Structures are given as structure tokens and as C-alpha cells.
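Next comes structure-v3.txt, a file with compact mmCIF, C-alpha atoms and all ligand atoms.
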```txt
# COMPACT_ATOMS: atom_id res chain seq x y z
CA MET I 1 136.47 -85.33 55.12
CA PRO I 2 139.95 -83.94 54.45
CA GLY I 3 142.36 -86.51 53.05
CA VAL I 4 139.81 -89.33 53.20
CA PHE I 5 138.19 -90.80 50.11
CA GLN I 6 135.61 -93.37 49.11
CA LEU I 7 137.49 -95.81 46.87
CA PRO I 8 136.04 -97.75 43.96
CA LEU I 9 136.59 -101.51 44.12
CA GLY I 10 139.20 -101.30 41.38
CA GLU I 11 141.54 -99.30 43.62
CA ILE I 12 141.25 -101.30 46.80
CA VAL I 13 144.03 -103.78 46.11
CA ASP I 14 146.55 -101.03 45.33
CA GLU I 15 145.55 -99.13 48.42
CA ALA I 16 145.91 -102.22 50.62
CA ARG I 17 149.28 -103.06 49.08
CA GLN I 18 150.59 -99.55 49.64
CA ALA I 19 149.43 -99.64 53.24
CA HIS I 20 151.17 -102.96 53.73
CA ASP I 21 154.38 -101.78 52.06
CA ALA I 22 154.36 -98.69 54.27
CA GLY I 23 154.54 -101.02 57.27
CA LEU I 24 150.94 -100.93 58.45
CA GLN I 25 149.73 -104.11 60.08
CA ALA I 26 146.14 -104.13 58.98
CA VAL I 27 143.38 -102.37 57.09
CA LEU I 28 139.83 -101.84 58.30
CA LEU I 29 137.18 -101.91 55.57
CA PHE I 30 133.91 -99.96 55.48
CA GLY I 31 131.39 -100.36 52.68
CA ILE I 32 128.97 -98.08 50.94
CA PRO I 33 126.42 -100.07 48.94
CA GLU I 34 124.87 -99.00 45.67
CA LYS I 35 121.44 -99.10 47.27
CA LYS I 36 120.37 -98.79 50.89
CA ASP I 37 117.16 -100.42 52.14
CA GLU I 38 115.18 -101.21 55.30
CA HIS I 39 116.87 -104.60 55.78
CA ALA I 40 120.48 -103.51 55.20
CA SER I 41 120.64 -106.28 52.61
CA GLY I 42 123.87 -104.88 51.15
CA ALA I 43 125.63 -105.64 54.45
CA TYR I 44 125.43 -109.42 54.10
CA ALA I 45 125.10 -109.82 50.31
CA GLU I 46 127.49 -112.42 48.92
CA ASN I 47 128.49 -109.89 46.29
CA GLY I 48 128.35 -106.86 48.54
CA VAL I 49 131.06 -104.26 48.21
CA VAL I 50 133.02 -105.32 51.30
CA GLN I 51 132.78 -109.01 50.38
CA LYS I 52 134.15 -108.26 46.90
CA ALA I 53 136.91 -106.08 48.32
CA LEU I 54 137.93 -108.86 50.73
CA ARG I 55 138.15 -111.46 48.00
CA ALA I 56 140.25 -109.11 45.86
CA ILE I 57 142.64 -108.26 48.69
CA LYS I 58 143.02 -111.87 49.80
CA GLU I 59 143.68 -113.02 46.25
CA LYS I 60 146.20 -110.31 45.31
CA CYS I 61 147.91 -109.54 48.62
CA PRO I 62 147.16 -112.26 51.16
CA ASP I 63 149.69 -110.81 53.63
CA VAL I 64 147.48 -107.84 54.39
CA VAL I 65 145.50 -108.39 57.59
CA ALA I 66 141.95 -107.55 56.55
CA MET I 67 139.56 -106.35 59.23
CA THR I 68 135.99 -105.28 58.56
CA ASP I 69 133.64 -102.90 60.31
CA VAL I 70 130.44 -104.85 60.98
CA CYS I 71 127.42 -102.58 61.23
CA LEU I 72 124.17 -101.88 59.44
CA CYS I 73 124.08 -98.07 59.35
CA GLU I 74 125.83 -97.70 56.01
CA TYR I 75 123.35 -100.14 54.46
CA MET I 76 120.08 -98.98 56.07
CA SER I 77 117.97 -96.39 54.28
CA HIS I 78 117.32 -94.70 57.65
CA GLY I 79 120.99 -94.69 58.71
CA HIS I 80 120.56 -96.41 62.09
CA CYS I 81 122.87 -99.20 63.18
CA GLY I 82 119.98 -101.64 63.61
CA VAL I 83 116.47 -102.66 62.64
CA THR I 84 114.07 -99.95 63.80
CA ARG I 85 110.40 -99.82 64.74
CA ILE I 86 108.56 -96.52 64.90
CA ASP I 87 105.87 -96.07 67.57
CA GLY I 88 104.26 -92.67 67.23
CA ASP I 89 106.99 -90.13 68.05
CA HIS I 90 109.39 -92.76 69.31
CA PHE I 91 111.54 -95.23 67.57
CA HIS I 92 113.14 -98.37 68.93
CA VAL I 93 116.08 -100.31 67.72
CA LEU I 94 115.15 -103.98 67.88
CA ASN I 95 118.14 -105.60 69.51
CA ASP I 96 117.67 -109.26 68.67
CA GLN I 97 116.56 -108.81 65.06
CA THR I 98 119.60 -106.58 64.61
CA VAL I 99 121.93 -109.20 66.11
CA ASP I 100 120.63 -111.77 63.59
CA LEU I 101 121.59 -109.49 60.70
CA LEU I 102 124.96 -108.65 62.25
CA VAL I 103 125.71 -112.36 62.55
CA LYS I 104 124.88 -112.84 58.86
CA THR I 105 127.10 -109.89 57.99
CA ALA I 106 130.07 -111.08 60.05
CA LEU I 107 129.78 -114.59 58.65
CA SER I 108 129.67 -113.31 55.08
CA HIS I 109 132.83 -111.30 55.76
CA ALA I 110 134.59 -114.36 57.17
CA GLN I 111 133.53 -116.40 54.14
CA ALA I 112 134.96 -113.71 51.86
CA GLY I 113 138.30 -113.86 53.68
CA ALA I 114 138.22 -111.40 56.59
CA ASP I 115 140.90 -112.13 59.18
CA MET I 116 139.00 -110.26 61.85
CA VAL I 117 135.53 -108.74 62.13
CA ALA I 118 134.88 -105.58 64.12
CA PRO I 119 131.26 -105.09 65.22
CA SER I 120 130.61 -101.37 65.78
CA ASP I 121 126.85 -101.42 66.42
CA MET I 122 126.68 -101.74 70.25
CA MET I 123 123.73 -104.17 70.39
CA ASP I 124 123.61 -106.46 73.44
CA GLY I 125 124.82 -110.02 72.97
CA ARG I 126 126.25 -109.60 69.50
CA ILE I 127 129.79 -110.68 70.31
CA GLY I 128 128.64 -114.02 71.72
CA ALA I 129 126.28 -114.61 68.82
CA ILE I 130 128.92 -113.78 66.21
CA ARG I 131 131.55 -115.95 67.97
CA GLU I 132 129.20 -118.92 68.04
CA ALA I 133 128.21 -118.56 64.38
CA LEU I 134 131.85 -118.24 63.28
CA ASP I 135 132.86 -121.30 65.29
CA MET I 136 129.99 -123.42 64.01
CA ASN I 137 130.77 -122.56 60.40
CA GLY I 138 134.46 -123.38 60.40
CA PHE I 139 135.79 -119.92 61.19
CA ALA I 140 137.21 -120.51 64.65
CA GLU I 141 140.36 -118.69 63.54
CA THR I 142 138.55 -115.52 62.53
CA GLY I 143 139.05 -112.96 65.28
CA ILE I 144 136.70 -110.40 66.76
CA MET I 145 137.70 -106.85 67.56
CA SER I 146 134.78 -105.44 69.48
CA TYR I 147 133.88 -101.77 69.57
CA ALA I 148 133.27 -102.46 73.25
CA ALA I 149 133.08 -98.98 74.74
CA LYS I 150 131.62 -96.79 72.03
CA PHE I 151 130.27 -93.52 73.29
CA ALA I 152 127.51 -91.42 71.76
CA SER I 153 129.71 -88.62 70.47
CA VAL I 154 129.62 -85.46 68.39
CA PHE I 155 132.96 -86.49 66.92
CA TYR I 156 131.50 -88.99 64.42
CA GLY I 157 130.05 -86.23 62.22
CA PRO I 158 132.59 -86.20 59.37
CA PHE I 159 132.52 -90.01 59.13
CA ARG I 160 128.75 -90.09 58.78
CA GLU I 161 128.98 -87.56 56.00
CA ALA I 162 131.75 -89.50 54.27
CA ALA I 163 129.85 -92.80 54.68
CA GLU I 164 126.52 -91.22 53.74
CA SER I 165 125.01 -92.63 56.92
CA PRO I 166 123.64 -89.87 59.17
CA PRO I 167 120.47 -91.12 60.92
CA GLN I 168 117.38 -89.82 59.10
CA PHE I 169 115.47 -89.49 62.40
CA GLY I 170 116.36 -89.62 66.10
CA ASP I 171 119.92 -90.21 67.27
CA ARG I 172 122.12 -93.07 68.42
CA ARG I 173 121.86 -92.45 72.14
CA SER I 174 119.66 -95.46 72.84
CA TYR I 175 122.45 -97.83 71.78
CA GLN I 176 125.70 -95.88 72.14
CA MET I 177 127.00 -95.04 75.60
CA ASP I 178 126.56 -91.98 77.79
CA SER I 179 129.87 -90.12 77.94
CA ALA I 180 129.42 -89.44 81.66
CA ASN I 181 129.23 -93.12 82.59
CA ALA I 182 132.60 -94.77 83.15
CA ASP I 183 131.18 -97.74 85.09
CA GLU I 184 128.98 -98.70 82.17
CA ALA I 185 131.99 -98.61 79.87
CA LEU I 186 133.90 -101.04 82.05
CA ARG I 187 130.85 -103.29 82.31
CA GLU I 188 130.37 -103.34 78.54
CA VAL I 189 134.01 -104.21 77.99
CA GLY I 190 133.81 -107.04 80.55
CA LEU I 191 130.74 -108.48 78.87
CA ASP I 192 132.36 -108.41 75.43
CA ILE I 193 135.43 -110.19 76.77
CA ASP I 194 133.24 -112.84 78.41
CA GLU I 195 131.41 -113.31 75.12
CA GLY I 196 134.67 -113.93 73.25
CA ALA I 197 136.14 -110.64 72.00
CA ASP I 198 139.85 -111.00 71.14
CA ILE I 199 140.49 -107.25 71.06
CA VAL I 200 138.41 -104.58 72.78
CA MET I 201 138.18 -101.06 71.45
CA ILE I 202 137.48 -97.68 73.01
CA LYS I 203 136.01 -94.96 70.82
CA PRO I 204 136.48 -91.95 70.46
CA ALA I 205 140.06 -91.61 71.67
CA LEU I 206 141.25 -88.44 73.40
CA PRO I 207 138.07 -87.51 75.32
CA TYR I 208 138.01 -91.10 76.67
CA ILE I 209 141.67 -91.65 77.38
CA ASP I 210 140.86 -92.38 81.04
CA ILE I 211 138.65 -95.25 79.92
CA LEU I 212 141.41 -96.59 77.69
CA TRP I 213 143.83 -96.61 80.61
CA ARG I 214 141.36 -98.25 82.98
CA VAL I 215 140.34 -100.92 80.48
CA ARG I 216 143.98 -101.80 79.72
CA GLU I 217 144.84 -101.95 83.42
CA ARG I 218 141.80 -103.89 84.50
CA PHE I 219 141.40 -106.49 81.77
CA ARG I 220 144.92 -106.79 80.31
CA LYS I 221 143.47 -107.71 76.94
CA PRO I 222 144.71 -106.40 73.60
CA THR I 223 143.16 -102.95 73.62
CA ALA I 224 142.49 -100.76 70.62
CA VAL I 225 141.47 -97.14 70.43
CA TYR I 226 139.75 -95.39 67.53
CA HIS I 227 140.86 -91.83 66.90
CA VAL I 228 137.66 -90.81 65.11
CA SER I 229 136.79 -88.57 62.21
CA GLY I 230 135.91 -85.45 64.21
CA GLU I 231 139.08 -85.63 66.29
CA TYR I 232 141.12 -85.90 63.10
CA ALA I 233 139.18 -83.22 61.21
CA MET I 234 139.65 -80.75 64.08
CA ILE I 235 143.42 -80.97 63.83
CA LYS I 236 143.24 -80.73 60.05
CA ALA I 237 141.15 -77.56 60.34
CA ALA I 238 143.42 -76.09 63.00
CA ALA I 239 146.48 -76.85 60.89
CA GLU I 240 144.90 -75.12 57.91
CA LYS I 241 144.44 -72.02 60.03
CA GLY I 242 148.02 -72.16 61.21
CA ILE I 243 147.01 -72.89 64.82
CA VAL I 244 148.99 -76.14 65.14
CA GLU I 245 151.40 -78.01 62.94
CA GLU I 246 149.67 -81.17 61.76
CA ARG I 247 152.54 -83.62 61.94
CA ALA I 248 153.66 -82.56 65.43
CA ALA I 249 150.06 -82.59 66.68
CA ALA I 250 149.41 -86.05 65.22
CA LEU I 251 152.57 -87.49 66.74
CA GLU I 252 151.81 -86.00 70.15
CA ILE I 253 148.26 -87.38 70.11
CA MET I 254 149.38 -90.83 68.97
CA THR I 255 152.08 -90.88 71.63
CA SER I 256 149.51 -90.05 74.29
CA LEU I 257 147.29 -92.92 73.11
CA LYS I 258 150.22 -95.33 73.30
CA ARG I 259 151.15 -94.00 76.73
CA ALA I 260 147.57 -94.55 77.91
CA GLY I 261 147.82 -98.21 76.96
CA ALA I 262 146.70 -98.59 73.36
CA ASP I 263 148.03 -101.73 71.67
CA ILE I 264 146.32 -100.80 68.42
CA ILE I 265 145.38 -97.37 67.11
CA VAL I 266 142.80 -96.95 64.36
CA THR I 267 143.52 -93.61 62.70
CA TYR I 268 143.00 -91.74 59.44
CA TRP I 269 146.63 -90.64 59.73
CA ALA I 270 147.93 -94.21 59.45
CA ARG I 271 149.55 -93.88 56.02
CA GLU I 272 151.18 -90.55 56.84
CA LEU I 273 152.28 -91.70 60.28
CA ALA I 274 154.06 -94.67 58.79
CA LYS I 275 156.03 -92.22 56.67
CA TRP I 276 156.66 -89.74 59.48
CA ILE I 277 157.82 -92.38 61.92
CA SER I 278 160.21 -94.10 59.52
CA ALA I 279 161.66 -90.80 58.22
C1 LIG I 301 129.49 -97.47 62.20
C2 LIG I 301 130.70 -96.67 62.54
C3 LIG I 301 130.78 -95.29 62.82
C4 LIG I 301 132.13 -95.03 63.02
C5 LIG I 301 132.82 -96.23 62.88
N1 LIG I 301 131.90 -97.24 62.60
C6 LIG I 301 129.74 -94.26 62.82
C7 LIG I 301 128.80 -94.11 63.93
O1 LIG I 301 128.72 -94.89 64.85
O2 LIG I 301 128.04 -93.13 63.84
C8 LIG I 301 132.68 -93.67 63.31
C9 LIG I 301 134.07 -93.47 62.89
C10 LIG I 301 134.55 -92.07 62.89
O3 LIG I 301 133.84 -91.10 63.24
O4 LIG I 301 135.68 -91.91 62.48
N2 LIG I 301 128.65 -97.69 63.28
ZN ZN I 302 126.53 -98.24 62.73
```

Would you write out, as C-alpha cells, the structure that this file holds?
Ligand code: PBG
Ligand code: ZN
Amino acid sequence: MPGVFQLPLGEIVDEARQAHDAGLQAVLLFGIPEKKDEHASGAYAENGVVQKALRAIKEKCPDVVAMTDVCLCEYMSHGHCGVTRIDGDHFHVLNDQTVDLLVKTALSHAQAGADMVAPSDMMDGRIGAIREALDMNGFAETGIMSYAAKFASVFYGPFREAAESPPQFGDRRSYQMDSANADEALREVGLDIDEGADIVMIKPALPYIDILWRVRERFRKPTAVYHVSGEYAMIKAAAEKGIVEERAAALEIMTSLKRAGADIIVTYWARELAKWISA
């Protein structure tokens, strides 16, 4: 993915410090374990890569707001976001077993110092379960940013390649949302808020800008939007071909997301934007 790199643990503190010094409010961590397995054990290991990164960041630059993506796909050998069962030609993602592992993962992130956890799996009931586990274990202050309206999208391709997590069979349509269904998006967001989400997120960004606007208007909750890998890579590719100018395109897109109601934008341009905006 152009301009995006997997970082070794030894570089994470510098990267976080530079982001902070550039004026960015927060970083969002994703992990790639040494080994993937059928239980995603790297996701909730006390010495997992994200847990180690959190402890390093919190020790060396405690002012950085550290958020973590909570999902199993990067840690599962099959690349799905949950525990799967195969029945002949079909496979199922087992919702409740998955939620148990997500809760363990979120709790291990909180214990390692995460300020906020961001579940991106789309299982039912996970926000409530994570909230309860955090509260019961002394982490009432740890926030939850929920990927509340996450659509099944072609625009996640470059991320999955970068995170080495494309599904080995089937697709994610049984747990991610149908792009034609706006009502379901609003319902999912409402449920996550009822279950205790502090911030709700819409993802991808531009193709779902109507959803962003409606969610912000209806719920009046802090609302985030994730400008995803494919959206970003398209502009990069177009810029390389001389079709658009990258900086102007990025600023126009970010402005449109703000205009549509985004309080928080997750973007691979963050570091460059901080420079462009302050220049
Ligand atoms: C993990 C996760 C994904 C993204 C963020 N968290 C991949 C997916 O759902 O396939 C995608 C981010 C991007 O494309 O930039 N579930
Ligand atoms: Zn996932």
C-alpha cells in the first residue's frame, strides 16, 4: 500500500511521538502477529505485538492517545474476523464464541494501556459485552469507538494485503453490512450507542457520506469516519498518473467529510495532512 508500512516494535515509539508532535490527537494501532492460528491467540496474548506497543508508547510518550483496532482477522489463520465453523460448502462465523475472544482482546489492550478500544468485527452484542468486562475490571475510563456501520466493501483490499489478512475462503458479507441498506446502518449504530459506545464510526467514507450525515444528525454522538485503504490508494494511483493532484484531492475529500459531520477522521494521510494544514 503506497506510503503505508508495517513497523517493527522498535520504531513504534518514534512514530507515535512524531504523530503527536505533528499535532495529531491519537494513533490507532493494528497488529500483525508472528504466527496466526485458529484461535487468534495472538490477539489477546499478554505479550502480543499490540500489547507490547501499547506499553512502550504509554511508558515513553504518555500524552499520545492510544486507540486499538479490536478484531481477530489479523490473528486468524483463515483471515476471518471471527471463529468459523465449516459445514460442507458453507461456513458460519460463530457470533458468541467470537464475542468472548473480542472481550479478552479488548481487556488485554486496556490492561496494556489503551485509552480507547475500537472493535471492527461487526459481531452482535460485542459493544455491550466489552463495556461490561472493562467496567468490571477497573477500566471504566477506557473508551469504546465502535465500527458501528461497517459495510462489506471492495475498498478494503489494500489493507488486507498490508495486514496479511485476506479471508482464505468465503467473504465477509455475513457479518459486514449490505451497502444498499441504510436502515440497517442506522439500526446498528443505535444498538451500539445503547450498548455503550462512546464514539460511533462509519466505514468506508465517501461512498457512505449520506450515512455519516444521517448518523450525526440523528444521534448527535461523537461520530468518526474511516477513509479506508482503497479510497486512499485510488487517489494515490490517480495522482501518479497525473489525473489529480494528491494534496488538493486529499484536502477536498477531508473537507467533505468534515462538512458531512465527521468529528474524527481516520485516514492514512494523517501525518501529511497535519503538515499541509499547518503550512
Ligand atoms: C479489521 C479491519 C479492516 C479494516 C480496518 N479494520 C479490514 C476488513 O474489515 O477487511 C479496513 C481498513 C482499510 O481498508 O483501510 N476488521
Ligand atoms: Zn476483522

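Within 12 Å of the file-frame point (117.4, -108.7, 65.6), and using all atoms listed in the file, the polymer residues found are His39, Leu72, Cys81, Gly82, Val83, Thr84, Arg85, His92, Val93, Leu94, Asn95, Asp96, Gln97, Thr98, Val99, Asp100, Leu101, Leu102, Val103, Lys104, Asp121, Met123, Asp124, Gly125, Arg126 and Ala129 of chain I.
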
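When only C-alpha atoms and all ligand atoms are used to compute distances to ligand ZN 302 (chain I), the closest of the residues I:Thr142, I:Ser256, I:Ser108, I:Gln176 turns out to be I:Gln176.
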
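Residue nearest ligand ZN 302 (chain I), chosen from I:Ser165, I:Ser278, I:Ser229, I:Ser77 and counting all atoms listed in the file: I:Ser165.
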
**OP:** Would you list the residues near (143.9, -97.8, 80.7) (no more than 12 Å away, in the coordinates of the file, using all atoms listed in the file) as a PyMOL selection string?
**Re:** chain I and resi 182+185-186+200-202+205+208-225+256-263

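Comparing I:Ile86, I:Ala162, I:Ile127, I:Ile57 by their smallest distance to ligand LIG 301 (chain I), the closest is I:Ala162 (using only C-alpha atoms and all ligand atoms).
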
Original post:
Which neighbours of region 5-19 of chain I fall inside 10 Å, counting all atoms listed in the file, when residues of the same chain fewer than 6 positions from it are skipped, and could you give them as a PyMOL selection string?
Top reply: chain I and resi 25-32+49-50+52-66+162-163+270-272+274

Output of the above residues as a tab-separated table (two decimals), in the coordinates of the input, restricted to C-alpha atoms:
```tsv
chain	number	residue	atom	x	y	z
I	25	GLN	CA	149.73	-104.11	60.08
I	26	ALA	CA	146.14	-104.13	58.98
I	27	VAL	CA	143.38	-102.37	57.09
I	28	LEU	CA	139.83	-101.84	58.30
I	29	LEU	CA	137.18	-101.91	55.57
I	30	PHE	CA	133.91	-99.96	55.48
I	31	GLY	CA	131.39	-100.36	52.68
I	32	ILE	CA	128.97	-98.08	50.94
I	49	VAL	CA	131.06	-104.26	48.21
I	50	VAL	CA	133.02	-105.32	51.30
I	52	LYS	CA	134.15	-108.26	46.90
I	53	ALA	CA	136.91	-106.08	48.32
I	54	LEU	CA	137.93	-108.86	50.73
I	55	ARG	CA	138.15	-111.46	48.00
I	56	ALA	CA	140.25	-109.11	45.86
I	57	ILE	CA	142.64	-108.26	48.69
I	58	LYS	CA	143.02	-111.87	49.80
I	59	GLU	CA	143.68	-113.02	46.25
I	60	LYS	CA	146.20	-110.31	45.31
I	61	CYS	CA	147.91	-109.54	48.62
I	62	PRO	CA	147.16	-112.26	51.16
I	63	ASP	CA	149.69	-110.81	53.63
I	64	VAL	CA	147.48	-107.84	54.39
I	65	VAL	CA	145.50	-108.39	57.59
I	66	ALA	CA	141.95	-107.55	56.55
I	162	ALA	CA	131.75	-89.50	54.27
I	163	ALA	CA	129.85	-92.80	54.68
I	270	ALA	CA	147.93	-94.21	59.45
I	271	ARG	CA	149.55	-93.88	56.02
I	272	GLU	CA	151.18	-90.55	56.84
I	274	ALA	CA	154.06	-94.67	58.79
```

Subject >> Selection within 8 Å of ligand LIG 301 (chain I) by only C-alpha atoms and all ligand atoms, output as a list of chain:residue names >> reply: I:Phe30, I:Asp69, I:Val70, I:Cys71, I:Leu72, I:Cys73, I:Glu74, I:Cys81, I:Ser120, I:Asp121, I:Lys150, I:Ala152, I:Phe155, I:Tyr156, I:Gly157, I:Pro158, I:Phe159, I:Arg160, I:Ser165, I:Pro166, I:Arg172, I:Gln176, I:Pro204, I:Tyr226, I:His227, I:Val228, I:Ser229, I:Gly230, I:Tyr268

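Ranking I:Gly170, I:Asp178, I:Leu251, I:Thr105 by their shortest atom-to-atom distance to Gly42 (chain I), with all atoms listed in the file included, puts I:Thr105 first.
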
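CA of Met116 (chain I) to CA of Ala148 (chain I) spans 15.0 Å [interatomic distance, one decimal].
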
**OP:** Using only C-alpha atoms and all ligand atoms, find the one residue out of I:Ala140, I:Ile235, I:Ala118, I:Leu24 that sits nearest to ligand ZN 302 (chain I).
**Re:** I:Ala118

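The coordinates place CA of Leu107 (chain I) at 8.1 Å from CA of Tyr44 (chain I).
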
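Comparing the minimum interatomic distances between ligand ZN 302 (chain I) and each of I:Glu34, I:Glu195, I:Tyr175, I:Gly138, counting only C-alpha atoms and all ligand atoms, we find that I:Tyr175 sits nearest.
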
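The two atoms in question, CA of Asp87 (chain I) and CA of Glu161 (chain I), are spaced 27.2 Å apart.
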
Atoms added to region 176-211 of chain I (N, CA and C atoms), reported as a tab-separated table (two decimals), in the coordinates of the input:
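What ended up in out01.tsv:
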```tsv
chain	number	residue	atom	x	y	z
I	176	GLN	N	124.31	-96.22	71.81
I	176	GLN	CA	125.70	-95.88	72.14
I	176	GLN	C	125.74	-95.37	73.58
I	177	MET	N	126.92	-95.29	74.17
I	177	MET	CA	127.00	-95.04	75.60
I	177	MET	C	127.05	-93.58	75.98
I	178	ASP	N	126.57	-93.31	77.21
I	178	ASP	CA	126.56	-91.98	77.79
I	178	ASP	C	128.00	-91.61	78.19
I	179	SER	N	128.46	-90.46	77.71
I	179	SER	CA	129.87	-90.12	77.94
I	179	SER	C	130.18	-89.88	79.42
I	180	ALA	N	129.16	-89.69	80.24
I	180	ALA	CA	129.42	-89.44	81.66
I	180	ALA	C	129.61	-90.74	82.45
I	181	ASN	N	129.34	-91.87	81.83
I	181	ASN	CA	129.23	-93.12	82.59
I	181	ASN	C	130.43	-94.06	82.39
I	182	ALA	N	131.41	-93.93	83.26
I	182	ALA	CA	132.60	-94.77	83.15
I	182	ALA	C	132.32	-96.21	83.59
I	183	ASP	N	131.48	-96.39	84.61
I	183	ASP	CA	131.18	-97.74	85.09
I	183	ASP	C	130.55	-98.58	83.99
I	184	GLU	N	129.64	-97.95	83.24
I	184	GLU	CA	128.98	-98.70	82.17
I	184	GLU	C	130.00	-99.13	81.12
I	185	ALA	N	130.97	-98.27	80.85
I	185	ALA	CA	131.99	-98.61	79.87
I	185	ALA	C	132.75	-99.85	80.30
I	186	LEU	N	133.14	-99.88	81.57
I	186	LEU	CA	133.90	-101.04	82.05
I	186	LEU	C	133.04	-102.29	82.03
I	187	ARG	N	131.76	-102.14	82.36
I	187	ARG	CA	130.85	-103.29	82.31
I	187	ARG	C	130.72	-103.83	80.90
I	188	GLU	N	130.54	-102.92	79.95
I	188	GLU	CA	130.37	-103.34	78.54
I	188	GLU	C	131.62	-104.07	78.04
I	189	VAL	N	132.76	-103.56	78.42
I	189	VAL	CA	134.01	-104.21	77.99
I	189	VAL	C	134.09	-105.61	78.60
I	190	GLY	N	133.78	-105.73	79.89
I	190	GLY	CA	133.81	-107.04	80.55
I	190	GLY	C	132.89	-108.04	79.88
I	191	LEU	N	131.70	-107.59	79.53
I	191	LEU	CA	130.74	-108.48	78.87
I	191	LEU	C	131.29	-108.96	77.52
I	192	ASP	N	131.85	-108.02	76.75
I	192	ASP	CA	132.36	-108.41	75.43
I	192	ASP	C	133.50	-109.41	75.55
I	193	ILE	N	134.34	-109.24	76.56
I	193	ILE	CA	135.43	-110.19	76.77
I	193	ILE	C	134.86	-111.56	77.14
I	194	ASP	N	133.88	-111.57	78.04
I	194	ASP	CA	133.24	-112.84	78.41
I	194	ASP	C	132.61	-113.53	77.21
I	195	GLU	N	132.08	-112.72	76.29
I	195	GLU	CA	131.41	-113.31	75.12
I	195	GLU	C	132.40	-113.75	74.03
I	196	GLY	N	133.69	-113.41	74.21
I	196	GLY	CA	134.67	-113.93	73.25
I	196	GLY	C	135.41	-112.91	72.41
I	197	ALA	N	135.38	-111.63	72.78
I	197	ALA	CA	136.14	-110.64	72.00
I	197	ALA	C	137.64	-110.89	72.18
I	198	ASP	N	138.39	-110.83	71.07
I	198	ASP	CA	139.85	-111.00	71.14
I	198	ASP	C	140.54	-109.67	71.42
I	199	ILE	N	139.97	-108.60	70.87
I	199	ILE	CA	140.49	-107.25	71.06
I	199	ILE	C	139.30	-106.38	71.45
I	200	VAL	N	139.49	-105.51	72.44
I	200	VAL	CA	138.41	-104.58	72.78
I	200	VAL	C	138.83	-103.17	72.38
I	201	MET	N	137.85	-102.41	71.94
I	201	MET	CA	138.18	-101.06	71.45
I	201	MET	C	137.40	-99.99	72.21
I	202	ILE	N	138.08	-98.87	72.41
I	202	ILE	CA	137.48	-97.68	73.01
I	202	ILE	C	137.34	-96.64	71.91
I	203	LYS	N	136.26	-95.91	71.90
I	203	LYS	CA	136.01	-94.96	70.82
I	203	LYS	C	135.04	-93.88	71.28
I	204	PRO	N	135.27	-92.61	71.00
I	204	PRO	CA	136.48	-91.95	70.46
I	204	PRO	C	137.71	-92.12	71.35
I	205	ALA	N	138.78	-91.39	70.99
I	205	ALA	CA	140.06	-91.61	71.67
I	205	ALA	C	140.35	-90.58	72.76
I	206	LEU	N	140.75	-89.38	72.39
I	206	LEU	CA	141.25	-88.44	73.40
I	206	LEU	C	140.26	-88.10	74.51
I	207	PRO	N	138.97	-87.86	74.21
I	207	PRO	CA	138.07	-87.51	75.32
I	207	PRO	C	137.84	-88.70	76.26
I	208	TYR	N	138.27	-89.89	75.87
I	208	TYR	CA	138.01	-91.10	76.67
I	208	TYR	C	139.30	-91.81	77.05
I	209	ILE	N	140.37	-91.05	77.15
I	209	ILE	CA	141.67	-91.65	77.38
I	209	ILE	C	141.75	-92.29	78.77
I	210	ASP	N	140.93	-91.76	79.70
I	210	ASP	CA	140.86	-92.38	81.04
I	210	ASP	C	140.26	-93.78	80.96
I	211	ILE	N	139.28	-93.94	80.09
I	211	ILE	CA	138.65	-95.25	79.92
I	211	ILE	C	139.64	-96.24	79.30
```
